[in-house]
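Asks: Input structure: coords04.txt, which contains compact mmCIF, C-alpha atoms.
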# COMPACT_ATOMS: atom_id res chain seq x y z
CA MET A 1 14.38 14.70 11.24
CA THR A 2 10.71 15.05 12.12
CA GLU A 3 8.75 12.52 14.18
CA PRO A 4 8.45 9.29 12.14
CA LEU A 5 5.21 8.87 10.23
CA GLU A 6 3.31 5.69 11.09
CA LEU A 7 3.28 2.86 8.58
CA ASP A 8 -0.33 2.23 7.59
CA HIS A 9 -0.26 -0.52 4.98
CA LEU A 10 1.63 -2.26 2.18
CA VAL A 11 0.22 -2.59 -1.34
CA TYR A 12 0.83 -5.83 -3.23
CA ALA A 13 -0.46 -5.52 -6.80
CA THR A 14 -1.50 -8.49 -8.91
CA PRO A 15 -3.15 -9.14 -12.28
CA THR A 16 -5.13 -12.07 -10.80
CA LEU A 17 -6.44 -11.35 -7.30
CA ASP A 18 -8.03 -14.71 -6.47
CA ALA A 19 -5.03 -16.72 -7.66
CA THR A 20 -2.61 -14.51 -5.73
CA VAL A 21 -4.67 -14.72 -2.55
CA ALA A 22 -4.60 -18.53 -2.84
CA GLU A 23 -0.84 -18.51 -3.45
CA LEU A 24 -0.19 -16.24 -0.44
CA ALA A 25 -2.46 -18.37 1.75
CA THR A 26 -0.22 -21.34 0.99
CA ARG A 27 2.98 -19.37 1.63
CA PHE A 28 1.72 -17.73 4.83
CA GLY A 29 -0.47 -20.44 6.31
CA VAL A 30 -3.11 -17.71 6.72
CA THR A 31 -5.71 -16.65 4.13
CA PRO A 32 -6.19 -12.93 3.42
CA LYS A 33 -9.79 -11.86 3.88
CA PRO A 34 -11.95 -10.43 1.09
CA GLY A 35 -11.93 -6.64 1.22
CA GLY A 36 -14.20 -5.12 -1.36
CA ARG A 37 -14.41 -3.07 -4.56
CA HIS A 38 -13.09 0.42 -5.27
CA PRO A 39 -15.70 2.20 -7.42
CA GLY A 40 -14.13 4.12 -10.27
CA TRP A 41 -10.66 2.72 -9.62
CA GLY A 42 -11.37 -0.57 -11.39
CA THR A 43 -9.92 -2.63 -8.55
CA ARG A 44 -10.88 -4.93 -5.71
CA ASN A 45 -8.78 -6.19 -2.83
CA ALA A 46 -8.11 -8.63 -0.04
CA ILE A 47 -6.74 -7.70 3.37
CA LEU A 48 -4.35 -9.34 5.81
CA SER A 49 -3.74 -7.70 9.18
CA LEU A 50 -0.10 -7.36 10.20
CA GLY A 51 -1.00 -6.17 13.70
CA GLY A 52 -0.58 -2.74 15.24
CA ARG A 53 -2.91 -0.89 12.84
CA CYS A 54 -0.95 -2.12 9.84
CA TYR A 55 -2.03 -4.45 7.05
CA LEU A 56 -1.14 -5.98 3.72
CA GLU A 57 -3.47 -5.04 0.86
CA ILE A 58 -3.55 -7.37 -2.13
CA ILE A 59 -5.10 -5.42 -5.01
CA GLY A 60 -6.10 -6.57 -8.48
CA PRO A 61 -8.54 -5.91 -11.32
CA ASP A 62 -12.26 -5.83 -10.59
CA GLU A 63 -13.87 -7.57 -13.54
CA ALA A 64 -17.23 -6.09 -12.47
CA GLN A 65 -15.95 -2.67 -13.58
CA PRO A 66 -15.25 -3.33 -17.29
CA GLU A 67 -15.52 0.37 -18.13
CA THR A 68 -12.22 0.98 -16.32
CA SER A 69 -10.29 -1.56 -18.39
CA GLY A 70 -6.90 -0.16 -19.39
CA ASN A 71 -7.15 2.63 -16.81
CA ARG A 72 -7.18 0.82 -13.49
CA VAL A 73 -5.23 1.99 -10.45
CA LEU A 74 -1.65 0.66 -10.59
CA ASP A 75 -2.39 -0.67 -14.11
CA VAL A 76 -3.22 -3.99 -12.49
CA ASP A 77 -4.72 -5.31 -15.73
CA ARG A 78 -1.45 -4.60 -17.55
CA ILE A 79 1.13 -6.15 -15.22
CA SER A 80 2.30 -9.73 -15.74
CA GLU A 81 2.98 -10.86 -12.17
CA PRO A 82 2.41 -9.77 -8.56
CA TYR A 83 4.81 -7.32 -6.98
CA MET A 84 5.13 -5.00 -3.98
CA ALA A 85 3.94 -1.78 -5.57
CA TRP A 86 3.58 0.78 -2.82
CA TRP A 87 3.35 1.56 0.87
CA ALA A 88 1.24 4.05 2.81
CA VAL A 89 1.69 6.20 5.90
CA ARG A 90 -0.71 7.92 8.28
CA PRO A 91 -0.23 11.69 8.63
CA PHE A 92 -0.32 13.92 11.68
CA LEU A 93 -2.58 16.27 9.71
CA MET A 94 -3.22 15.53 6.05
CA PRO A 95 -2.64 19.09 4.71
CA LEU A 96 0.47 19.53 6.87
CA THR A 97 2.07 16.24 5.83
CA CYS A 98 1.27 16.75 2.14
CA GLY A 99 2.66 20.30 2.40
CA GLU A 100 5.87 18.96 3.90
CA PHE A 101 6.18 16.50 1.00
CA GLU A 102 5.78 19.33 -1.48
CA ASN A 103 8.32 21.51 0.35
CA MET A 104 10.85 18.71 -0.13
CA GLY A 105 10.12 18.63 -3.87
CA PHE A 106 7.76 15.64 -3.85
CA VAL A 107 4.31 16.49 -5.18
CA PRO A 108 1.91 13.63 -4.40
CA GLY A 109 -1.47 13.39 -6.02
CA PRO A 110 -4.24 15.65 -4.72
CA VAL A 111 -6.09 14.44 -1.65
CA ILE A 112 -9.26 12.65 -2.74
CA GLU A 113 -11.93 10.49 -1.14
CA GLY A 114 -11.27 6.78 -1.26
CA ARG A 115 -14.16 4.34 -1.06
CA ARG A 116 -14.40 0.60 -0.72
CA ASP A 117 -17.72 -1.20 -1.12
CA LEU A 118 -17.42 -4.06 1.37
CA GLU A 119 -18.05 -7.69 0.50
CA GLY A 120 -20.61 -8.06 3.27
CA GLY A 121 -22.43 -4.82 2.45
CA GLY A 122 -21.83 -1.25 3.48
CA HIS A 123 -18.77 0.78 2.61
CA LEU A 124 -15.61 2.33 4.01
CA VAL A 125 -14.56 5.92 3.21
CA TRP A 126 -11.22 7.65 3.79
CA GLN A 127 -8.96 10.45 2.54
CA ILE A 128 -5.92 9.56 0.43
CA THR A 129 -3.41 11.11 -1.93
CA ASP A 130 -4.55 10.18 -5.45
CA PRO A 131 -3.40 6.60 -6.15
CA ARG A 132 -3.12 7.40 -9.85
CA VAL A 133 -0.08 9.58 -9.05
CA ARG A 134 2.79 7.28 -8.13
CA LEU A 135 6.26 8.75 -7.67
CA PHE A 136 9.63 6.99 -7.62
CA ASP A 137 7.98 3.67 -8.51
CA GLY A 138 6.06 3.64 -5.24
CA VAL A 139 9.07 4.26 -3.00
CA LEU A 140 7.45 7.59 -2.06
CA PRO A 141 4.44 6.48 0.02
CA LEU A 142 0.77 7.18 -0.26
CA VAL A 143 -0.68 9.28 2.56
CA VAL A 144 -3.97 8.02 4.01
CA ASP A 145 -6.26 9.40 6.72
CA TRP A 146 -9.04 7.10 7.93
CA GLU A 147 -10.86 9.98 9.66
CA GLY A 148 -12.13 7.82 12.48
CA ALA A 149 -13.29 4.93 10.27
CA ALA A 150 -12.52 1.38 11.37
CA HIS A 151 -8.95 0.61 10.40
CA PRO A 152 -8.58 -2.51 8.20
CA GLY A 153 -5.58 -3.67 10.25
CA GLU A 154 -7.40 -3.70 13.58
CA SER A 155 -7.80 -7.43 14.01
CA HIS A 156 -5.90 -10.40 15.39
CA SER A 157 -2.81 -11.12 13.32
CA GLU A 158 -0.86 -14.32 12.79
CA VAL A 159 1.43 -12.56 10.30
CA ASN A 160 3.72 -9.72 11.38
CA LEU A 161 6.02 -7.37 9.53
CA ARG A 162 9.64 -8.00 10.45
CA GLU A 163 11.25 -5.52 8.04
CA LEU A 164 10.30 -3.06 5.31
CA ARG A 165 13.21 -2.11 3.06
CA LEU A 166 13.16 0.58 0.36
CA GLU A 167 15.73 0.58 -2.45
CA HIS A 168 16.23 3.05 -5.30
CA PRO A 169 19.05 4.10 -7.66
CA GLU A 170 18.55 7.71 -6.44
CA HIS A 171 19.01 6.75 -2.78
CA ALA A 172 21.64 9.47 -2.21
CA ARG A 173 19.04 12.10 -3.04
CA LEU A 174 16.01 10.42 -1.51
CA SER A 175 17.33 9.16 1.82
CA PRO A 176 18.15 12.57 3.39
CA ALA A 177 14.77 13.92 2.27
CA PHE A 178 12.96 10.86 3.60
CA ASP A 179 14.78 11.25 6.91
CA GLU A 180 13.65 14.87 7.10
CA LEU A 181 10.06 13.83 6.40
CA GLY A 182 10.05 11.06 9.01
CA LEU A 183 9.97 8.30 6.40
CA ARG A 184 11.98 5.10 6.28
CA PRO A 185 15.48 5.25 4.80
CA VAL A 186 16.15 4.51 1.15
CA HIS A 187 18.98 2.07 0.45
CA PRO A 188 21.09 1.68 -2.70
CA GLY A 189 19.53 -0.47 -5.38
CA GLU A 190 20.02 -1.05 -9.09
CA ALA A 191 16.26 -0.78 -9.53
CA PRO A 192 13.44 0.62 -7.36
CA ALA A 193 12.21 -1.99 -4.88
CA ILE A 194 9.92 -2.30 -1.89
CA ILE A 195 10.76 -5.41 0.11
CA ALA A 196 8.61 -6.73 2.95
CA VAL A 197 9.89 -9.47 5.24
CA LEU A 198 7.05 -11.16 7.11
CA ASP A 199 6.94 -13.59 10.03
CA THR A 200 4.20 -16.12 9.27
CA PRO A 201 3.03 -19.49 10.62
CA GLN A 202 4.93 -21.01 7.68
CA GLY A 203 8.14 -19.18 8.55
CA VAL A 204 9.77 -16.04 7.15
CA VAL A 205 8.36 -14.90 3.80
CA GLU A 206 9.76 -12.13 1.62
CA LEU A 207 7.59 -10.15 -0.79
CA ARG A 208 9.07 -7.76 -3.34
Is it possible to express this structure as structure tokens?

Replies:
Amino acid sequence: MTEPLELDHLVYATPTLDATVAELATRFGVTPKPGGRHPGWGTRNAILSLGGRCYLEIIGPDEAQPETSGNRVLDVDRISEPYMAWWAVRPFLMPLTCGEFENMGFVPGPVIEGRRDLEGGGHLVWQITDPRVRLFDGVLPLVVDWEGAAHPGESHSEVNLRELRLEHPEHARLSPAFDELGLRPVHPGEAPAIIAVLDTPQGVVELR
């Protein structure tokens, strides 16, 4: 097993961003903050710090990008309800980590530039494996390198991650490979699932 890769963020996809943010605010007792828009991806997001350079991203359709309809990241305009869609890790070195994934038989999307136009003006830029290439229903993580940019999770947090659990029917194949890559273990499951257990001011909340 290699040194564990750091958890960067969790991705909670929704067809209705504003409604989901309001629903999570009620469940958590804390309101996720507006993030911004992803040009060309057809999405916008809200952010909730989980402490320790980790955060929850709530991502949904950006109605201001109508040209991307039907081709948005994570098909957020085609899903019927919110769900935990993905998770992301920070690499030691982006080419090295992506190469290690490929050596284990997992070919993530090519590394591209991500961009978020911020609600208050300005923008944030980073490197990420292409979010249009999603393997094993999101159980294989995205790889993201902030390249010195301000990390979205670097703020005071009233919500903390207690547990992140990965489940997949192919756990017997995936878990040894994930262990070798420094990823979290994959547990048996009838269907792929990413389950986050959060400590919040309203008590323990589970997202899946």

Asks: What is the CA of Ile58 in chain A-CA of Gly120 in chain A distance in Å, reported with one decimal?

Replies: 17.9 Å

Asks: Any idea what the distance is between CA of Pro152 in chain A and CA of His187 in chain A?

Replies: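 We find that CA of Pro152 in chain A and CA of His187 in chain A lie 29.0 Å from each other.
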
Asks: Would you pick out the contacts of range 126-141 of chain A at 6 Å or less, using all atoms listed in the file, so that residues sharing its chain but fewer than 2 positions from it are not included, and give the list as a PyMOL selection string?

Replies: chain A and resi 73+85-88+109-114+143-146

Asks: Have a look at CA of Arg72 in chain A and CA of Met84 in chain A and let me know their distance in Å, one decimal.

Replies: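 Interatomic distance, CA of Arg72 in chain A to CA of Met84 in chain A: 16.6 Å.
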
Asks: Given the choices A:Thr200, A:Ser80, A:Thr97, A:Thr68, which gets closest to Trp41 in chain A if the distance is worked out from only C-alpha atoms?

Replies: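 Closest candidate: A:Thr68.
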
Asks: Can you tell me which residues surround range 122-124 of chain A at a distance of at most 10 Å, considering only C-alpha atoms, apart from same-chain residues fewer than 6 positions away, and format the answer as a list in words?

Replies: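 Neighbouring residues, sequence-local ones excluded: Gly36, Arg37, His38, Gly114, Arg115, Arg116, Trp146, Ala149, Ala150, His151 and Pro152 of chain A.
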
Asks: Tell me which of A:Thr20, A:Thr43, A:Thr26, A:Ser157 sits closest to Glu63 in chain A, counting all atoms listed in the file.

Replies: A:Thr43

Asks: Which residues, written as a ChimeraX atom specification, have at least one atom at most 10 Å from Tyr55 in chain A, with all atoms listed in the file counted and residues fewer than 5 positions away on the same chain left out?

Replies: /A:7-11,47-50,151-155,157,159-161

Asks: Residues as selected, C-alpha atoms, written as an mmCIF file, in the frame of the given file, can you do that?

Replies:
data_model
loop_
_atom_site.group_PDB
_atom_site.id
_atom_site.type_symbol
_atom_site.label_atom_id
_atom_site.label_comp_id
_atom_site.auth_asym_id
_atom_site.auth_seq_id
_atom_site.Cartn_x
_atom_site.Cartn_y
_atom_site.Cartn_z
ATOM 1 C CA LEU A 7 3.280 2.860 8.580
ATOM 2 C CA ASP A 8 -0.330 2.230 7.590
ATOM 3 C CA HIS A 9 -0.260 -0.520 4.980
ATOM 4 C CA LEU A 10 1.630 -2.260 2.180
ATOM 5 C CA VAL A 11 0.220 -2.590 -1.340
ATOM 6 C CA ILE A 47 -6.740 -7.700 3.370
ATOM 7 C CA LEU A 48 -4.350 -9.340 5.810
ATOM 8 C CA SER A 49 -3.740 -7.700 9.180
ATOM 9 C CA LEU A 50 -0.100 -7.360 10.200
ATOM 10 C CA HIS A 151 -8.950 0.610 10.400
ATOM 11 C CA PRO A 152 -8.580 -2.510 8.200
ATOM 12 C CA GLY A 153 -5.580 -3.670 10.250
ATOM 13 C CA GLU A 154 -7.400 -3.700 13.580
ATOM 14 C CA SER A 155 -7.800 -7.430 14.010
ATOM 15 C CA SER A 157 -2.810 -11.120 13.320
ATOM 16 C CA VAL A 159 1.430 -12.560 10.300
ATOM 17 C CA ASN A 160 3.720 -9.720 11.380
ATOM 18 C CA LEU A 161 6.020 -7.370 9.530
#

Asks: What's around range 177-179 of chain A at 10 Å? Count all atoms listed in the file, leave out sequence neighbours fewer than 5 positions away in its own chain, and write the answer as a count of residues only.

Replies: 14

Asks: Which of these residues is nearest to Arg162 in chain A, using only C-alpha atoms: A:Leu174, A:Leu183, A:Ala191, A:Leu198?

Replies: A:Leu198

Asks: Give me range 65-100 of chain A with N, CA and C atoms filled in, as a short mmCIF file (atom, residue, chain, number, x, y, z; two decimals), in the coordinates of the input.

Replies:
data_model
loop_
_atom_site.label_atom_id
_atom_site.label_comp_id
_atom_site.auth_asym_id
_atom_site.auth_seq_id
_atom_site.Cartn_x
_atom_site.Cartn_y
_atom_site.Cartn_z
N GLN A 65 -16.05 -4.06 -13.10
CA GLN A 65 -15.95 -2.67 -13.58
C GLN A 65 -15.26 -2.67 -14.95
N PRO A 66 -15.90 -3.23 -15.97
CA PRO A 66 -15.25 -3.33 -17.29
C PRO A 66 -14.97 -1.98 -17.93
N GLU A 67 -15.72 -0.95 -17.52
CA GLU A 67 -15.52 0.37 -18.13
C GLU A 67 -14.17 0.98 -17.76
N THR A 68 -13.52 0.44 -16.74
CA THR A 68 -12.22 0.98 -16.32
C THR A 68 -11.06 0.21 -16.94
N SER A 69 -11.34 -0.75 -17.79
CA SER A 69 -10.29 -1.56 -18.39
C SER A 69 -9.25 -0.68 -19.08
N GLY A 70 -7.97 -0.95 -18.81
CA GLY A 70 -6.90 -0.16 -19.39
C GLY A 70 -6.59 1.12 -18.63
N ASN A 71 -7.39 1.41 -17.59
CA ASN A 71 -7.15 2.63 -16.81
C ASN A 71 -7.37 2.36 -15.32
N ARG A 72 -6.99 1.18 -14.89
CA ARG A 72 -7.18 0.82 -13.49
C ARG A 72 -6.01 1.33 -12.65
N VAL A 73 -6.28 1.58 -11.37
CA VAL A 73 -5.23 1.99 -10.45
C VAL A 73 -4.08 0.97 -10.50
N LEU A 74 -2.86 1.47 -10.54
CA LEU A 74 -1.65 0.66 -10.59
C LEU A 74 -1.55 -0.20 -11.87
N ASP A 75 -2.41 0.09 -12.85
CA ASP A 75 -2.39 -0.67 -14.11
C ASP A 75 -2.42 -2.18 -13.85
N VAL A 76 -3.25 -2.59 -12.90
CA VAL A 76 -3.22 -3.99 -12.49
C VAL A 76 -3.68 -4.95 -13.59
N ASP A 77 -4.35 -4.43 -14.61
CA ASP A 77 -4.72 -5.31 -15.73
C ASP A 77 -3.66 -5.30 -16.83
N ARG A 78 -2.53 -4.65 -16.57
CA ARG A 78 -1.45 -4.60 -17.55
C ARG A 78 -0.16 -5.24 -17.05
N ILE A 79 -0.08 -5.53 -15.76
CA ILE A 79 1.13 -6.15 -15.22
C ILE A 79 1.09 -7.66 -15.45
N SER A 80 2.24 -8.29 -15.42
CA SER A 80 2.30 -9.73 -15.74
C SER A 80 2.39 -10.61 -14.51
N GLU A 81 2.84 -10.05 -13.38
CA GLU A 81 2.98 -10.86 -12.17
C GLU A 81 2.85 -9.97 -10.94
N PRO A 82 2.56 -10.57 -9.79
CA PRO A 82 2.41 -9.77 -8.56
C PRO A 82 3.72 -9.13 -8.14
N TYR A 83 3.62 -7.97 -7.52
CA TYR A 83 4.81 -7.32 -6.98
C TYR A 83 4.41 -6.32 -5.89
N MET A 84 5.36 -5.99 -5.02
CA MET A 84 5.13 -5.00 -3.98
C MET A 84 5.20 -3.62 -4.62
N ALA A 85 4.04 -2.98 -4.75
CA ALA A 85 3.94 -1.78 -5.57
C ALA A 85 4.04 -0.48 -4.80
N TRP A 86 3.69 -0.49 -3.51
CA TRP A 86 3.58 0.78 -2.82
C TRP A 86 3.52 0.54 -1.31
N TRP A 87 3.59 1.61 -0.57
CA TRP A 87 3.35 1.56 0.87
C TRP A 87 2.66 2.86 1.24
N ALA A 88 2.04 2.89 2.40
CA ALA A 88 1.24 4.05 2.81
C ALA A 88 1.54 4.40 4.25
N VAL A 89 1.47 5.71 4.54
CA VAL A 89 1.69 6.20 5.90
C VAL A 89 0.47 6.99 6.36
N ARG A 90 0.33 7.08 7.69
CA ARG A 90 -0.71 7.92 8.28
C ARG A 90 -0.11 9.26 8.67
N PRO A 91 -0.78 10.37 8.35
CA PRO A 91 -0.23 11.69 8.63
C PRO A 91 -0.60 12.17 10.02
N PHE A 92 0.11 13.21 10.47
CA PHE A 92 -0.32 13.92 11.68
C PHE A 92 -1.58 14.72 11.32
N LEU A 93 -1.45 15.56 10.32
CA LEU A 93 -2.58 16.27 9.71
C LEU A 93 -2.36 16.18 8.21
N MET A 94 -3.39 15.78 7.48
CA MET A 94 -3.22 15.53 6.05
C MET A 94 -2.64 16.74 5.31
N PRO A 95 -3.20 17.95 5.45
CA PRO A 95 -2.64 19.09 4.71
C PRO A 95 -1.20 19.40 5.11
N LEU A 96 -0.88 19.25 6.40
CA LEU A 96 0.47 19.53 6.87
C LEU A 96 1.47 18.54 6.27
N THR A 97 1.15 17.27 6.34
CA THR A 97 2.07 16.24 5.83
C THR A 97 2.26 16.38 4.32
N CYS A 98 1.16 16.59 3.59
CA CYS A 98 1.27 16.75 2.14
C CYS A 98 2.07 18.02 1.80
N GLY A 99 1.88 19.08 2.60
CA GLY A 99 2.66 20.30 2.40
C GLY A 99 4.13 20.08 2.62
N GLU A 100 4.47 19.26 3.64
CA GLU A 100 5.87 18.96 3.90
C GLU A 100 6.48 18.16 2.75
#
